[in-house]
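Data file: input_11.pdb. Format and content: PDB, C-alpha atoms.
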ATOM      1  CA  MET O  12     -15.964  -2.213 -10.950
ATOM      2  CA  ALA O  13     -17.817  -0.320  -8.194
ATOM      3  CA  ARG O  14     -15.589   1.889  -6.073
ATOM      4  CA  TYR O  15     -16.231   4.225  -3.152
ATOM      5  CA  SER O  16     -16.562   7.803  -4.396
ATOM      6  CA  GLY O  17     -17.600   9.618  -1.226
ATOM      7  CA  SER O  18     -15.572  11.615   1.278
ATOM      8  CA  LEU O  19     -12.312   9.861   2.183
ATOM      9  CA  CYS O  20     -12.123  11.721   5.481
ATOM     10  CA  ARG O  21     -15.362  10.032   6.561
ATOM     11  CA  LEU O  22     -13.660   6.650   6.184
ATOM     12  CA  CYS O  23     -10.855   7.654   8.555
ATOM     13  CA  ARG O  24     -13.356   9.029  11.045
ATOM     14  CA  ARG O  25     -15.403   5.832  10.886
ATOM     15  CA  GLU O  26     -12.328   3.786  11.806
ATOM     16  CA  ARG O  27     -11.255   6.358  14.438
ATOM     17  CA  VAL O  28      -7.698   6.379  13.037
ATOM     18  CA  LYS O  29      -5.858   8.281  10.316
ATOM     19  CA  LEU O  30      -5.600   6.078   7.232
ATOM     20  CA  PHE O  31      -3.719   8.726   5.190
ATOM     21  CA  LEU O  32      -6.070   8.437   2.213
ATOM     22  CA  LYS O  33      -5.800  12.017   0.947
ATOM     23  CA  GLY O  34      -2.053  12.347   0.607
ATOM     24  CA  GLU O  35      -0.529  15.662   1.655
ATOM     25  CA  ARG O  36      -3.768  16.964   3.210
ATOM     26  CA  CYS O  37      -3.480  14.311   5.932
ATOM     27  CA  TYR O  38      -0.272  15.959   7.170
ATOM     28  CA  THR O  39      -1.786  19.446   7.430
ATOM     29  CA  PRO O  40      -4.071  21.157   9.982
ATOM     30  CA  LYS O  41      -6.937  20.725   7.488
ATOM     31  CA  CYS O  42      -7.181  17.039   8.428
ATOM     32  CA  PRO O  43     -10.380  16.445  10.475
ATOM     33  CA  PHE O  44      -8.361  14.525  13.070
ATOM     34  CA  GLU O  45      -6.158  17.575  13.601
ATOM     35  CA  ARG O  46      -9.312  19.664  14.035
ATOM     36  CA  GLY O  47     -10.642  17.432  16.806
ATOM     37  CA  ARG O  48     -13.108  15.412  14.704
ATOM     38  CA  GLY O  49     -11.691  11.952  15.282
ATOM     39  CA  TYR O  50     -15.119  10.442  15.973
ATOM     40  CA  PRO O  51     -17.441   8.597  13.527
ATOM     41  CA  PRO O  52     -19.389  10.798  11.097
ATOM     42  CA  GLY O  53     -23.120  11.328  11.308
ATOM     43  CA  GLN O  54     -25.587  12.896  13.682
ATOM     44  CA  HIS O  55     -24.898  10.385  16.460
ATOM     45  CA  GLY O  56     -21.203   9.845  15.761
ATOM     46  CA  LYS O  57     -20.028  11.122  19.121
ATOM     47  CA  MET O  58     -22.367   8.758  20.936
ATOM     48  CA  ARG O  59     -21.177   5.617  19.219
ATOM     49  CA  GLY O  60     -19.292   3.339  21.511
ATOM     50  CA  GLY O  61     -20.011   0.686  24.089
ATOM     51  CA  LYS O  62     -18.945  -2.920  23.988
ATOM     52  CA  ILE O  63     -17.901  -4.337  20.616
ATOM     53  CA  THR O  64     -18.127  -8.041  19.817
ATOM     54  CA  ASP O  65     -15.226 -10.189  18.618
ATOM     55  CA  TYR O  66     -16.768 -10.241  15.148
ATOM     56  CA  GLY O  67     -17.103  -6.460  15.262
ATOM     57  CA  MET O  68     -13.396  -6.045  16.040
ATOM     58  CA  GLN O  69     -12.419  -8.429  13.240
ATOM     59  CA  LEU O  70     -14.669  -6.608  10.785
ATOM     60  CA  ARG O  71     -13.284  -3.189  11.690
ATOM     61  CA  GLU O  72      -9.689  -4.386  11.167
ATOM     62  CA  LYS O  73     -10.607  -5.824   7.773
ATOM     63  CA  GLN O  74     -12.346  -2.590   6.782
ATOM     64  CA  LYS O  75      -9.291  -0.559   7.832
ATOM     65  CA  LEU O  76      -6.969  -2.658   5.694
ATOM     66  CA  LYS O  77      -9.312  -2.588   2.698
ATOM     67  CA  ARG O  78      -9.622   1.176   2.917
ATOM     68  CA  ILE O  79      -5.911   1.818   3.358
ATOM     69  CA  TYR O  80      -5.152   0.010   0.087
ATOM     70  CA  GLY O  81      -8.355   1.129  -1.656
ATOM     71  CA  LEU O  82      -9.710  -2.305  -2.562
ATOM     72  CA  VAL O  83     -13.214  -3.661  -2.943
ATOM     73  CA  GLU O  84     -14.212  -6.877  -1.219
ATOM     74  CA  LYS O  85     -13.519  -9.233  -4.140
ATOM     75  CA  GLN O  86     -10.023  -7.812  -4.704
ATOM     76  CA  PHE O  87      -9.208  -7.975  -1.010
ATOM     77  CA  ARG O  88     -10.488 -11.543  -0.666
ATOM     78  CA  ASN O  89      -8.348 -12.651  -3.632
ATOM     79  CA  CYS O  90      -5.274 -11.129  -1.955
ATOM     80  CA  PHE O  91      -6.119 -13.040   1.213
ATOM     81  CA  TYR O  92      -6.409 -16.353  -0.642
ATOM     82  CA  LYS O  93      -3.005 -15.755  -2.269
ATOM     83  CA  ALA O  94      -1.493 -14.996   1.140
ATOM     84  CA  GLU O  95      -3.105 -18.099   2.624
ATOM     85  CA  ARG O  96      -1.399 -20.334   0.045
ATOM     86  CA  MET O  97       2.040 -18.863   0.771
ATOM     87  CA  LYS O  98       4.461 -20.263   3.332
ATOM     88  CA  GLY O  99       4.755 -18.373   6.602
ATOM     89  CA  ILE O 100       2.335 -16.311   8.698
ATOM     90  CA  THR O 101      -0.836 -15.590   6.723
ATOM     91  CA  GLY O 102      -1.385 -12.122   8.207
ATOM     92  CA  GLU O 103       2.112 -10.953   7.330
ATOM     93  CA  ASN O 104       1.858 -12.590   3.912
ATOM     94  CA  LEU O 105      -1.322 -10.594   3.303
ATOM     95  CA  LEU O 106       0.422  -7.313   4.083
ATOM     96  CA  VAL O 107       3.379  -8.198   1.853
ATOM     97  CA  THR O 108       1.000  -9.114  -0.995
ATOM     98  CA  LEU O 109      -0.814  -5.794  -0.646
ATOM     99  CA  GLU O 110       2.490  -3.901  -0.557
ATOM    100  CA  ARG O 111       3.619  -5.595  -3.794
ATOM    101  CA  ARG O 112       0.651  -4.228  -5.763
ATOM    102  CA  LEU O 113       1.930  -1.874  -8.452
ATOM    103  CA  ASP O 114      -0.234   1.053  -7.335
ATOM    104  CA  ASN O 115       1.181   0.724  -3.816
ATOM    105  CA  VAL O 116       4.791   0.448  -5.075
ATOM    106  CA  VAL O 117       4.287   3.613  -7.165
ATOM    107  CA  PHE O 118       2.917   5.359  -4.066
ATOM    108  CA  ARG O 119       5.722   4.112  -1.810
ATOM    109  CA  LEU O 120       8.357   5.249  -4.314
ATOM    110  CA  GLY O 121       6.868   8.741  -4.106
ATOM    111  CA  PHE O 122       5.455   9.177  -7.606
ATOM    112  CA  ALA O 123       2.023   9.944  -6.112
ATOM    113  CA  THR O 124       0.837  11.488  -2.845
ATOM    114  CA  SER O 125      -1.793   8.798  -2.241
ATOM    115  CA  ARG O 126      -2.589   5.253  -3.332
ATOM    116  CA  GLN O 127      -5.691   6.525  -5.080
ATOM    117  CA  ALA O 128      -3.601   8.902  -7.209
ATOM    118  CA  ALA O 129      -1.053   6.139  -7.864
ATOM    119  CA  ARG O 130      -3.832   3.798  -9.038
ATOM    120  CA  GLN O 131      -4.976   6.409 -11.544
ATOM    121  CA  LEU O 132      -1.451   6.955 -12.868
ATOM    122  CA  VAL O 133      -0.957   3.225 -13.398
ATOM    123  CA  ALA O 134      -4.352   2.792 -15.071
ATOM    124  CA  HIS O 135      -3.522   5.669 -17.433
ATOM    125  CA  ARG O 136      -0.392   3.828 -18.614
ATOM    126  CA  HIS O 137       2.228   6.124 -17.128
ATOM    127  CA  PHE O 138       4.466   3.326 -15.796
ATOM    128  CA  LYS O 139       6.615   0.528 -17.133
ATOM    129  CA  VAL O 140       7.765  -2.620 -15.353
ATOM    130  CA  ASN O 141      11.000  -4.025 -16.778
ATOM    131  CA  GLY O 142      10.537  -1.882 -19.891
ATOM    132  CA  LYS O 143       6.926  -2.894 -20.612
ATOM    133  CA  ILE O 144       3.898  -0.699 -19.927
ATOM    134  CA  VAL O 145       1.652  -2.142 -17.205
ATOM    135  CA  ASP O 146      -1.778  -0.599 -16.674
ATOM    136  CA  ARG O 147      -3.073  -2.973 -13.988
ATOM    137  CA  PRO O 148      -2.872  -1.510 -10.459
ATOM    138  CA  SER O 149      -3.235  -5.061  -9.084
ATOM    139  CA  PHE O 150      -0.026  -6.246 -10.820
ATOM    140  CA  LEU O 151       2.249  -7.831  -8.192
ATOM    141  CA  ALA O 152       5.801  -6.539  -8.543
ATOM    142  CA  LYS O 153       8.619  -8.930  -7.668
ATOM    143  CA  VAL O 154      11.938  -8.302  -5.959
ATOM    144  CA  GLY O 155      14.385  -6.768  -8.430
ATOM    145  CA  GLU O 156      11.802  -5.647 -10.996
ATOM    146  CA  LEU O 157      12.319  -2.099 -12.288
ATOM    147  CA  VAL O 158       9.354   0.273 -12.038
ATOM    148  CA  GLU O 159       9.898   3.276 -14.312
ATOM    149  CA  LEU O 160       7.917   6.371 -15.287
ATOM    150  CA  LYS O 161       7.471   6.839 -19.044
ATOM    151  CA  GLU O 162       9.621   9.581 -20.572
ATOM    152  CA  LYS O 163       6.573  11.498 -21.831
ATOM    153  CA  SER O 164       5.196  11.632 -18.266
ATOM    154  CA  ARG O 165       8.336  12.938 -16.563
ATOM    155  CA  SER O 166       7.355  16.589 -17.040
ATOM    156  CA  ASN O 167       4.117  16.071 -15.088
ATOM    157  CA  THR O 168       4.188  18.700 -12.333
ATOM    158  CA  HIS O 169       2.023  16.631  -9.940
ATOM    159  CA  ILE O 170       4.468  13.727 -10.117
ATOM    160  CA  GLN O 171       7.466  16.030  -9.629
ATOM    161  CA  GLU O 172       5.840  17.667  -6.604
ATOM    162  CA  ALA O 173       4.950  14.274  -5.155
ATOM    163  CA  LEU O 174       8.567  13.111  -5.519
ATOM    164  CA  GLY O 175       9.800  16.210  -3.721
ATOM    165  CA  LEU O 176       7.424  15.669  -0.791
ATOM    166  CA  ALA O 177       8.257  11.967  -0.574
ATOM    167  CA  GLN O 178      12.004  12.614  -0.450
ATOM    168  CA  GLN O 179      11.483  14.955   2.496
ATOM    169  CA  ARG O 180       9.793  12.157   4.473
ATOM    170  CA  GLY O 181      12.215   9.428   3.437
ATOM    171  CA  LEU O 182      11.937   6.216   1.449
ATOM    172  CA  ALA O 183      10.772   2.828   2.717
ATOM    173  CA  PRO O 184      13.882   0.717   3.559
ATOM    174  CA  TRP O 185      12.797  -2.129   1.272
ATOM    175  CA  LEU O 186      12.739   0.098  -1.820
ATOM    176  CA  GLU O 187      15.391   1.782  -3.932
ATOM    177  CA  LEU O 188      14.706   5.016  -5.846
ATOM    178  CA  ASP O 189      16.634   6.748  -8.631
ATOM    179  CA  ALA O 190      14.741  10.061  -8.614
ATOM    180  CA  GLN O 191      16.816  11.630 -11.409
ATOM    181  CA  ASN O 192      15.834   8.853 -13.810
ATOM    182  CA  PHE O 193      12.306   8.441 -12.396
ATOM    183  CA  ARG O 194      12.737   4.762 -11.593
ATOM    184  CA  GLY O 195      12.823   2.480  -8.606
ATOM    185  CA  LYS O 196      12.588  -1.144  -7.553
ATOM    186  CA  ILE O 197      11.839  -3.510  -4.698
ATOM    187  CA  VAL O 198      15.159  -4.476  -3.131
ATOM    188  CA  THR O 199      13.650  -6.950  -0.683
ATOM    189  CA  LEU O 200      10.213  -7.864   0.609
ATOM    190  CA  PRO O 201       9.081  -5.708   3.544
ATOM    191  CA  THR O 202       8.867  -7.089   7.076
ATOM    192  CA  ARG O 203       5.998  -6.388   9.449
ATOM    193  CA  GLU O 204       8.286  -4.225  11.589
ATOM    194  CA  GLN O 205       8.960  -1.943   8.609
ATOM    195  CA  LEU O 206       5.259  -1.296   7.948
ATOM    196  CA  THR O 207       4.835   0.991  10.943
ATOM    197  CA  ASP O 208       2.218   3.155   9.203
ATOM    198  CA  ILE O 209      -0.172   0.206   8.757
ATOM    199  CA  VAL O 210      -1.922   0.389  12.134
ATOM    200  CA  VAL O 211      -3.932  -2.821  11.763
ATOM    201  CA  LYS O 212      -4.122  -6.097  13.704
ATOM    202  CA  GLU O 213      -3.867  -8.361  10.681
ATOM    203  CA  GLN O 214      -4.360 -11.531  12.749
ATOM    204  CA  LEU O 215      -7.966 -10.478  13.363
ATOM    205  CA  VAL O 216      -8.474 -10.282   9.586
ATOM    206  CA  VAL O 217      -7.154 -13.842   9.256
ATOM    207  CA  GLU O 218      -9.547 -15.001  11.997
ATOM    208  CA  LEU O 219     -12.471 -13.345  10.202
ATOM    209  CA  TYR O 220     -11.812 -15.108   6.895
ATOM    210  CA  SER O 221     -10.973 -18.415   8.565
ATOM    211  CA  LYS O 222     -14.461 -18.909  10.000
TER     212      LYS O 222
END
Using the file provided, produce a representation of the structure as structure tokens.
Amino acid sequence: MARYSGSLCRLCRRERVKLFLKGERCYTPKCPFERGRGYPPGQHGKMRGGKITDYGMQLREKQKLKRIYGLVEKQFRNCFYKAERMKGITGENLLVTLERRLDNVVFRLGFATSRQAARQLVAHRHFKVNGKIVDRPSFLAKVGELVELKEKSRSNTHIQEALGLAQQRGLAPWLELDAQNFRGKIVTLPTREQLTDIVVKEQLVVELYSK
């Protein structure tokens, strides 16, 4: 499946907000936003502006959300349709569905410094769910399911470093981590208030797809 392979920092600059796509680098002075380059890329990036239409605002919010979770259009649209069929507020259901993806759970637990790295670890069969290897990043983990790193992968220095950095920043309140045994699980589904790092107006995404 086609996937964006260009500069991740350009995506953040295009959306004019930090999407934290490059893991630890986003927290350092090397981040373009920290160096005063928080404007769209390109020769005329600084001059972009003016009035934006309602459709333009909806599109930008959708693009932000897609880029945060690293999905292509078809994957993102499928997540939206699942959220639409669920009871409750569609926008919040969409966020919860995206958070339940296995690559995101691995990232949130701290086994990887970015969702992109977590997706690669899952695809390379480093993780088990309830004792069975799962290599699909799109797998939707349920409340109570145990996500565990394979024993052969526990000596991986990148994973150990990522765990150390994640523990310094703290764990999401809806997750539980047993770092010594390299395992964790979803204790409860996240609420919108807990997803403070997802700076997106999800209702605009719902309006875009509801046309």
> Looking at all atoms listed in the file, which of O:Arg126, O:His169, O:Arg111, O:His137 is the one that sits closest to Val198 (chain O)?
Replying inline: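 Checking each of O:Arg126, O:His169, O:Arg111, O:His137 against Val198 (chain O), counting all atoms listed in the file, the winner is O:Arg111.
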> By how many Å are CA of Ala129 (chain O) and CA of Lys73 (chain O) apart?
Replying inline: 21.9 Å
> Which residues come within 9 Å of Phe122 (chain O), counting only C-alpha atoms, excluding same-chain residues fewer than 3 positions away, as a list in words?
Replying inline: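 Final neighbour list, sorted by chain and number: Val117, Phe118, Arg119, Ala129, Leu132, Leu160, His169, Ile170, Gln171, Glu172, Ala173, Leu174, Ala177 and Phe193 of chain O.
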> Of the candidates O:Leu151, O:Leu188, O:Cys90, O:Val116, which shows the shortest atom-to-atom distance to Asn104 (chain O), using only C-alpha atoms?
Replying inline: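 Comparing O:Leu151, O:Leu188, O:Cys90, O:Val116 against Asn104 (chain O), the winner is O:Cys90.
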>> Excluding Glu103 (chain O) and its own-chain neighbours fewer than 2 positions away, which residues fall within 9 Å of it when counting all atoms listed in the file? Please give them as a ChimeraX atom specification.
In response: /O:94,99-101,105-108,202-203,213-214
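Shortest atom-to-atom contact with Glu156 (chain O) among O:Ser221, O:Lys75, O:Gly175, O:Leu113: O:Leu113, counting all atoms listed in the file.
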> Could you work out how far CA of Ala128 (chain O) lies from CA of Lys161 (chain O), giving the answer in Å with one decimal?
Replying inline: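 Computing the Euclidean distance for CA of Lys161 (chain O) and CA of Ala128 (chain O) yields 16.3 Å.
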> Could you pull the residues within 10 Å of Phe87 (chain O), counting only C-alpha atoms, minus those fewer than 4 positions along the same chain, as a list in words?
Replying inline: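 Residues meeting the cut-off are Lys73, Gln74, Leu76, Lys77, Arg78, Tyr80, Gly81, Leu82, Val83, Phe91, Tyr92, Leu105 and Leu109 of chain O.
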Could you dump the residues just selected with C-alpha atoms as a PDB file, in the frame of the given file?
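Result saved to result05.pdb:
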ATOM      1  CA  LYS O  73     -10.607  -5.824   7.773  1.00  0.00           C
ATOM      2  CA  GLN O  74     -12.346  -2.590   6.782  1.00  0.00           C
ATOM      3  CA  LEU O  76      -6.969  -2.658   5.694  1.00  0.00           C
ATOM      4  CA  LYS O  77      -9.312  -2.588   2.698  1.00  0.00           C
ATOM      5  CA  ARG O  78      -9.622   1.176   2.917  1.00  0.00           C
ATOM      6  CA  TYR O  80      -5.152   0.010   0.087  1.00  0.00           C
ATOM      7  CA  GLY O  81      -8.355   1.129  -1.656  1.00  0.00           C
ATOM      8  CA  LEU O  82      -9.710  -2.305  -2.562  1.00  0.00           C
ATOM      9  CA  VAL O  83     -13.214  -3.661  -2.943  1.00  0.00           C
ATOM     10  CA  PHE O  91      -6.119 -13.040   1.213  1.00  0.00           C
ATOM     11  CA  TYR O  92      -6.409 -16.353  -0.642  1.00  0.00           C
ATOM     12  CA  LEU O 105      -1.322 -10.594   3.303  1.00  0.00           C
ATOM     13  CA  LEU O 109      -0.814  -5.794  -0.646  1.00  0.00           C
TER      14      LEU O 109
END
> What is the CA of Ser164 (chain O)-CA of Pro201 (chain O) distance in Å, reported with one decimal?
Replying inline: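 These atoms are spaced 28.1 Å apart.
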